[in-house]
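This report concerns only the one structure given below.
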Amino acid sequence: MTGSVKNKVTGEALFGATVQVEGSSSSTLTDVQGSFSISATQGSVLVISYTGMTTYRHTVTGTTPIAILLEESAASSLGEVIVVGYGTQKVTKVSGAIATIKAADIEKLKPVRTEEALQGRASGVNVIQSGSPGSKPTVLIRGIPSFSGTDPVVIIDGVPQTLTDFNSINAADIESISVLKDAATTAIYGVKGGNGVIVVTTKSGRKNQKTDITFSTNYGVQQVMNTIGVLNAAEYAAMINEGSVTAGGNLIFPNLSTLGVGTNWQNEVFKNATFQTHNIAARGGSDKMSYFLSAGFLNQGGIVGGNDKSRFNRGNFTANLNFNLTNKLKFIVNTTAVLLDSKGVQENSFNSVLGSALNFDPTVPVYNNVPNTAGKYGFSNLLLSEIFNPLTKLDNTYNKNIGNKLYGKFEFQYTVIKDLVLTSRFGYTKYDGNAKSFTPLVFYGPLNVENTMNADGSQVAGRFNSVAHEKTSNFNYTWETFGNYNFNIGDKNNFETVLGFSLAKTTGNAAGATRQDVPFNSWEFADFTAATGTNTATNTNAVTGYYYQYFRRNLSYFSRINYDYDNKYLASFTARRDGSYAFGIDNKFANFFSGSVGWVVSNEDFFKPGFVDYLKIRGSYGSIGNENVSPQFVGIITGGPSYGPTANSNGYTFGDVFYPGSTVGSAANNALRWEKQLQVNAGFDITFFKKKFNLSADYFQKNVDGLLFTPSASLYLGTVPIPTANIGSTSSRGIDLTLGYNENIGKDFRLSTSITFTTAKNEVTATNSDGTAKILGGYYFNGQSQSVTVFEKGQTPGYFYGYKTNGLFQSFDEISKAPAQAGAQPGDIRFVDVNNDGVINASDQTKIGDPFPDFTMGWNLTLEYKGFDFNMFTYASVGNDVYKAFDRNANFSNKPREILGRWTGAGSTNDARTPRYSFTDANSNIRVSERYVEDGSFVKIKNLQLGYTFPEKMTKKVFSRVRLYAQVRNAFTFTKYTGFDPEISGGILDTGVDRGAYPQARTYSLGLDIKL
């Protein structure tokens, strides 16, 4: 009998698999190509086994060569080795909290950014995505420790990176992702580990294996999943008439019958866009050298405006090479070159494209039909500023951002004696970016006050077009040298140790310039050298420029000791001493310690339950740091004017001439120290019922002390900004768990499913000395400048802050009996007197919502039958609120359809979301209140994929494996939220505020995976 043995998922040949004739001593091993030959009789059974794979039994029926595809064993996870800080550990010996995502799960999703693979698959991790092509999501590991930055540190092949750098890594190059969640696992990263650590291991070569060449391609079309109900032209005109008449004005639209449906601007701005990925890789090696080489291209077009206006393109070239220079010395080179090319539109902000699409006049035709006027698209004679035809905004959006990145490492590993390995690693990241944008002259309508172009196409006096350039460059490096020594004392005392130091430096600079008067008002001529603007006494902004540079240094020492006794009792201790240039001269260094213990109960002789296969109980406690602060220095500002929070003109005007001066622009806090986080974790890991079920569960609590906060100070100190101080604290606690089930049903059917659950409760426990300080955020404009989120003591970080509502006033009698509410009329919103002082005012503002969920869940389901495979991934977020901030509330802006249910008289409605409509609003119904808060809970079917792997006998003459699949990403969303998408990413003070956020797209695609 002859045949081959391969990995069913990857198609890789399995070298060293055992093939044995059952009931006899006849056996053999597969060679480097996975091939074997063995003598067997008709009807005998071949037993094929390989470490970590499910044993396969084959009954001999003839001499035809057979192809055996082995699947990963459900129990193999207990034998896995996972990557931790400066080393690896067998998963059964880990006493900390770690979540791991494998390459097979990443491949099923085909993510643009790697963080997508963490959402719902890694318990304890909350990922809030945006729909903008290539955009960075919000990632929270175990709650919200700080407002100054929540991004976890990213370690790629041992080299520190940032979450932003995830836009540069090709997901197809990743072997595994480990999320380090508790102090026991993150403390060895010290100052970098405060927000959690994401450890990425990329693919490497295989020793003594012939070259495997794989090719994958995926092409699809993206489209918008949901649009928002707004008024059509006739409904809009009727509401405008009502608002005007109610306010004492005239009819604006005397004849509604001529208007019809009008223009739905959302349908005009949303376009189908492409999505495609193409990858090729080669993997193999000899006895002295192994290699992994890959090249990839990704294109994600934007559904707002299509590929021409928003997109993200990335090209990757990776070479991971391992050389055995001698029997003791190994040299590793990992290098990835990345080309980035993107463009975007204004989003989730004041006057964004989608904001204009929701608010622009629907009576206006798509195209300009007014003779002798400039402009391709129609204009409004009612909306005279700020809200523009969204197609005009898109048509006049010109920008590009090109970047080149090179990152990787050079690493030497020297085996001094058996089990003592010295490693010296130099990791680097080099990035150069070149951005350009063009602001042309635009005609918005004959009455629009923001025109820069007249109706005849001429330039408005005093208005200019302009081109802006920016070049950025940064270089970051880390040099680390450490030793790993593993040894045993006797047969049962096992030690794994590491000791080392790390040097890191971050440097960068940026230069920018802007110039007016671009020839022909054209993007093709939009270049600084082609523009002709020059500064004059009356126009000092014709040519402007800037330059800045920065750097940061760190010096660290670290060590860890792992101990296990007879694979039953586990202990680990970690120490790190960190020094940072960013902190005051009195606190340059800080120490961080952690410890953990574990007990493998199932290895005890007395533990003999029939259904439990493995049980480990573990706990940890330790400290971690955070250096999310700018380096301390005293700065000088020259010139002016300054429009910062402590506005200072930095000079004087004598006559008509401004004479610049200088002033202290920043102060240093020499006592500034680290944010310090203390975290406790308790959990267990269990497999049961013949290793078909597995469950990992953790409870955590962490407290952050010395939160970097700006104290309040008296103005007699002048206008110098007050330096940051360590005066705040937060607390987070929660549960995260993962439950898995694997089952083989018969010979051909396999089921694998897992559920993750994550919850975290966060609270700000201190701010300034008297606890009154508030950091405001979530700014937007709806006729008034508003702020909706707050970071303050006693509350959830970034919660929604405003007025509670209690229905609508139905009569003047109700108003007279209610707490004093200035300007209230029947039909206006009745606000709640929270402090019971009889007056509705700013003191009644309180918590009205929370943008962060009570819990999140992920459900991953994989079914396999013969050559077919099906995967479904579902993600749920429960308890998160969304604040609708996209309704501009201008007199002539369009309105959500819910206004049709407005209050029209006593008893018509008592819903605070639909008060009476009028051009005048003395009651300020548009103030920040529960009126605009909606339940943003959702369930999303994020991924559906159906694939078929062709039998080897059909493809073996050309390919060793061929798989064809169809995929739908973001297939369905189930939510009560009435906006585009309930998933609104941003910083802690912007998450959940929907100003017209870029929604995630539904993607239909076909893909092909080939192995030569």
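Going by the structure tokens order, chains are called A, B, ..., each with residues numbered from 1, while ligands are numbered from 1 in the order shown.
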Mind checking which residues fall within 6 Å of A:Asp432, counting only C-alpha atoms, ignoring those fewer than 2 positions away in the same chain, and posting them as a PDB file with N, CA and C atoms, in the first residue's frame?
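Output saved as result_38.pdb:
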ATOM      1  N   GLY A 403       2.049  55.570   2.120  1.00  0.00           N
ATOM      2  CA  GLY A 403       3.039  55.251   3.144  1.00  0.00           C
ATOM      3  C   GLY A 403       3.874  54.047   2.759  1.00  0.00           C
ATOM      4  N   ASN A 404       5.116  54.051   3.224  1.00  0.00           N
ATOM      5  CA  ASN A 404       6.029  52.925   3.035  1.00  0.00           C
ATOM      6  C   ASN A 404       6.553  52.512   4.407  1.00  0.00           C
ATOM      7  N   THR A 472       5.680  62.688   6.787  1.00  0.00           N
ATOM      8  CA  THR A 472       6.003  62.193   8.118  1.00  0.00           C
ATOM      9  C   THR A 472       7.040  61.092   8.017  1.00  0.00           C
ATOM     10  N   SER A 473       7.823  60.976   9.049  1.00  0.00           N
ATOM     11  CA  SER A 473       8.850  59.935   9.087  1.00  0.00           C
ATOM     12  C   SER A 473       9.081  59.536  10.532  1.00  0.00           C
TER      13      SER A 473
END
Q: Excluding A:Asp994 and residues on its chain fewer than 6 positions from it, collect all residues at most 6 Å away from it, counting only C-alpha atoms, and give them as a ChimeraX atom specification.
A: /A:883-885
Can you tell me, as a compact mmCIF listing (two decimals) with C-alpha atoms, in the first residue's frame, which residues in stretch 723-936 of chain A count as alpha helix (DSSP H) by DSSP?
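The file below, out_15.txt, is the result:
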# COMPACT_ATOMS: atom_id res chain seq x y z
CA PHE A 812 -50.24 74.95 30.12
CA ASP A 813 -51.76 73.54 33.30
CA GLU A 814 -49.18 70.76 33.33
CA ILE A 815 -46.42 73.30 32.77
CA SER A 816 -47.60 75.43 35.70
CA LYS A 817 -47.57 72.43 38.05
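Each of A:Asn320, A:Asn208, A:Thr506, A:Asn562 was compared to A:Phe487 using only C-alpha atoms, and A:Asn562 turns out to be the nearest.
Taking only C-alpha atoms into account, A:Val153 lies nearest to A:Gly625 out of the set A:Pro365, A:Gly124, A:Gly625, A:Gly771.
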Q: Please measure the separation of atom CA of A:Ile585 and atom CA of A:Lys192, giving the value in Å to one decimal.
A: 19.8 Å
**Q.** Polymer residues at most 10 Å from A:Leu861, only C-alpha atoms, same-chain spacing of 6 or more positions, as number ranges by chain
**A.** A: 740-741, 751-755, 870-874, 944
**Q.** Residues near A:Tyr367, cut-off 6 Å, only C-alpha atoms, skip fewer than 2 positions along chain, as a ChimeraX atom specification
**A.** /A:365,376-378
Save the residues we just selected, N, CA and C atoms, as an mmCIF file, in the first residue's frame?
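Generated output (again-v8.cif):
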data_model
loop_
_atom_site.group_PDB
_atom_site.id
_atom_site.type_symbol
_atom_site.label_atom_id
_atom_site.label_comp_id
_atom_site.auth_asym_id
_atom_site.auth_seq_id
_atom_site.Cartn_x
_atom_site.Cartn_y
_atom_site.Cartn_z
ATOM 1 N N PRO A 365 -32.936 68.639 -7.025
ATOM 2 C CA PRO A 365 -32.598 67.545 -7.944
ATOM 3 C C PRO A 365 -31.124 67.164 -7.828
ATOM 4 N N LYS A 376 -21.815 70.890 -10.956
ATOM 5 C CA LYS A 376 -22.428 69.733 -11.596
ATOM 6 C C LYS A 376 -23.732 69.337 -10.928
ATOM 7 N N TYR A 377 -23.809 69.530 -9.621
ATOM 8 C CA TYR A 377 -24.937 69.017 -8.856
ATOM 9 C C TYR A 377 -25.850 70.136 -8.364
ATOM 10 N N GLY A 378 -27.078 69.760 -8.035
ATOM 11 C CA GLY A 378 -28.085 70.715 -7.623
ATOM 12 C C GLY A 378 -27.741 71.410 -6.316
#
Q) What residues in stretch 46-220 of chain A get the DSSP label strand (DSSP E or B)? Please answer as a PyMOL selection string. A) chain A and resi 46-49+53+56-59+66-70+72+81-84+87-90+98-102+125-128+138-141+153-156+159-161+174-180+197-202+209-220
Q.
With distances taken over only C-alpha atoms, which residue among A:Ser380, A:Thr497, A:Thr335, A:Asn541 lies nearest A:Phe482?
A. A:Thr497
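Among the candidate residues A:Val442, A:Val518, A:Leu1006, A:Ala890, the one lying nearest to A:Ser244 is A:Ala890, with distances computed using only C-alpha atoms.
Restricting the calculation to only C-alpha atoms, the smallest distance between A:Ser27 and any of A:Val370, A:Gln209, A:Val47, A:Thr92 is found for A:Val47.
The smallest atom-to-atom distance between A:Phe689 and any of A:Asn587, A:Ser769, A:Asn509, A:Asn742, using only C-alpha atoms, is found for A:Asn742.
The spacing separating atom CA of A:Thr18 from atom CA of A:Val612 amounts to 28.6 Å.
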Write out as a CSV table (one decimal) with N, CA, C and O atoms, in the first residue's frame which residues come within 12 Å of A:Ala40 when counting only C-alpha atoms, dropping same-chain ones fewer than 3 positions away.
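Final output, selection29.csv:
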chain,number,residue,atom,x,y,z
A,1,MET,N,0.8,-1.2,0.0
A,1,MET,CA,0.0,0.0,0.0
A,1,MET,C,0.9,1.2,0.0
A,1,MET,O,1.9,1.3,0.7
A,2,THR,N,0.5,2.2,-0.9
A,2,THR,CA,1.2,3.5,-0.9
A,2,THR,C,0.2,4.6,-0.7
A,2,THR,O,-1.0,4.4,-0.9
A,19,VAL,N,2.2,5.1,10.4
A,19,VAL,CA,1.3,4.3,9.7
A,19,VAL,C,1.5,2.8,10.1
A,19,VAL,O,2.6,2.3,9.9
A,20,GLN,N,0.5,2.2,10.7
A,20,GLN,CA,0.7,0.9,11.3
A,20,GLN,C,-0.4,0.0,10.9
A,20,GLN,O,-1.6,0.4,10.8
A,21,VAL,N,-0.1,-1.3,10.6
A,21,VAL,CA,-1.1,-2.3,10.4
A,21,VAL,C,-1.6,-2.8,11.7
A,21,VAL,O,-0.9,-3.3,12.5
A,22,GLU,N,-2.9,-2.6,11.9
A,22,GLU,CA,-3.5,-2.9,13.2
A,22,GLU,C,-3.4,-4.4,13.6
A,22,GLU,O,-3.6,-5.2,12.7
A,23,GLY,N,-2.9,-4.6,14.8
A,23,GLY,CA,-2.8,-6.0,15.3
A,23,GLY,C,-1.5,-6.7,14.9
A,23,GLY,O,-1.3,-7.9,15.1
A,24,SER,N,-0.6,-5.9,14.3
A,24,SER,CA,0.7,-6.5,13.9
A,24,SER,C,1.8,-5.5,14.3
A,24,SER,O,1.6,-4.4,14.7
A,25,SER,N,3.1,-5.9,14.1
A,25,SER,CA,4.2,-5.0,14.4
A,25,SER,C,4.7,-4.2,13.2
A,25,SER,O,5.7,-3.5,13.2
A,26,SER,N,4.0,-4.4,12.1
A,26,SER,CA,4.4,-3.7,10.8
A,26,SER,C,4.0,-2.3,10.9
A,26,SER,O,2.8,-1.9,11.0
A,27,SER,N,4.9,-1.4,10.7
A,27,SER,CA,4.7,0.1,10.7
A,27,SER,C,5.7,0.8,10.0
A,27,SER,O,6.8,0.3,9.7
A,28,THR,N,5.4,2.1,9.7
A,28,THR,CA,6.4,2.9,9.0
A,28,THR,C,6.1,4.4,9.3
A,28,THR,O,5.0,4.7,9.9
A,37,SER,N,4.9,3.9,2.3
A,37,SER,CA,4.7,2.6,1.6
A,37,SER,C,4.7,1.5,2.7
A,37,SER,O,5.7,1.5,3.5
A,43,GLY,N,-8.4,-6.2,3.5
A,43,GLY,CA,-9.3,-6.3,4.7
A,43,GLY,C,-8.6,-5.8,6.0
A,43,GLY,O,-9.3,-5.6,7.0
A,44,SER,N,-7.3,-5.7,6.0
A,44,SER,CA,-6.6,-5.2,7.2
A,44,SER,C,-6.8,-3.7,7.4
A,44,SER,O,-7.3,-3.1,6.4
A,45,VAL,N,-6.5,-3.3,8.6
A,45,VAL,CA,-6.8,-1.9,8.9
A,45,VAL,C,-5.5,-1.2,9.1
A,45,VAL,O,-4.7,-1.6,9.9
A,46,LEU,N,-5.3,0.0,8.4
A,46,LEU,CA,-4.2,0.8,8.7
A,46,LEU,C,-4.6,1.9,9.7
A,46,LEU,O,-5.6,2.5,9.6
A,47,VAL,N,-3.7,2.1,10.7
A,47,VAL,CA,-4.0,3.1,11.7
A,47,VAL,C,-2.9,4.2,11.5
A,47,VAL,O,-1.7,4.0,11.6
A,58,HIS,N,-8.1,3.2,8.3
A,58,HIS,CA,-8.4,3.0,6.9
A,58,HIS,C,-8.4,1.5,6.6
A,58,HIS,O,-7.4,0.8,6.9
A,59,THR,N,-9.5,1.0,6.1
A,59,THR,CA,-9.6,-0.4,5.7
A,59,THR,C,-9.1,-0.6,4.3
A,59,THR,O,-9.5,0.0,3.4
A,60,VAL,N,-8.2,-1.6,4.2
A,60,VAL,CA,-7.5,-1.8,2.9
A,60,VAL,C,-8.5,-2.6,2.0
A,60,VAL,O,-9.0,-3.7,2.3
A,61,THR,N,-8.8,-2.0,0.8
A,61,THR,CA,-9.7,-2.6,-0.1
A,61,THR,C,-9.1,-2.9,-1.5
A,61,THR,O,-9.7,-3.5,-2.4
A,62,GLY,N,-7.9,-2.3,-1.7
A,62,GLY,CA,-7.2,-2.5,-3.0
A,62,GLY,C,-5.8,-1.9,-2.9
A,62,GLY,O,-5.4,-1.4,-1.8
A,63,THR,N,-5.1,-1.8,-4.0
A,63,THR,CA,-3.8,-1.3,-4.1
A,63,THR,C,-3.7,0.1,-4.6
A,63,THR,O,-2.6,0.7,-4.7
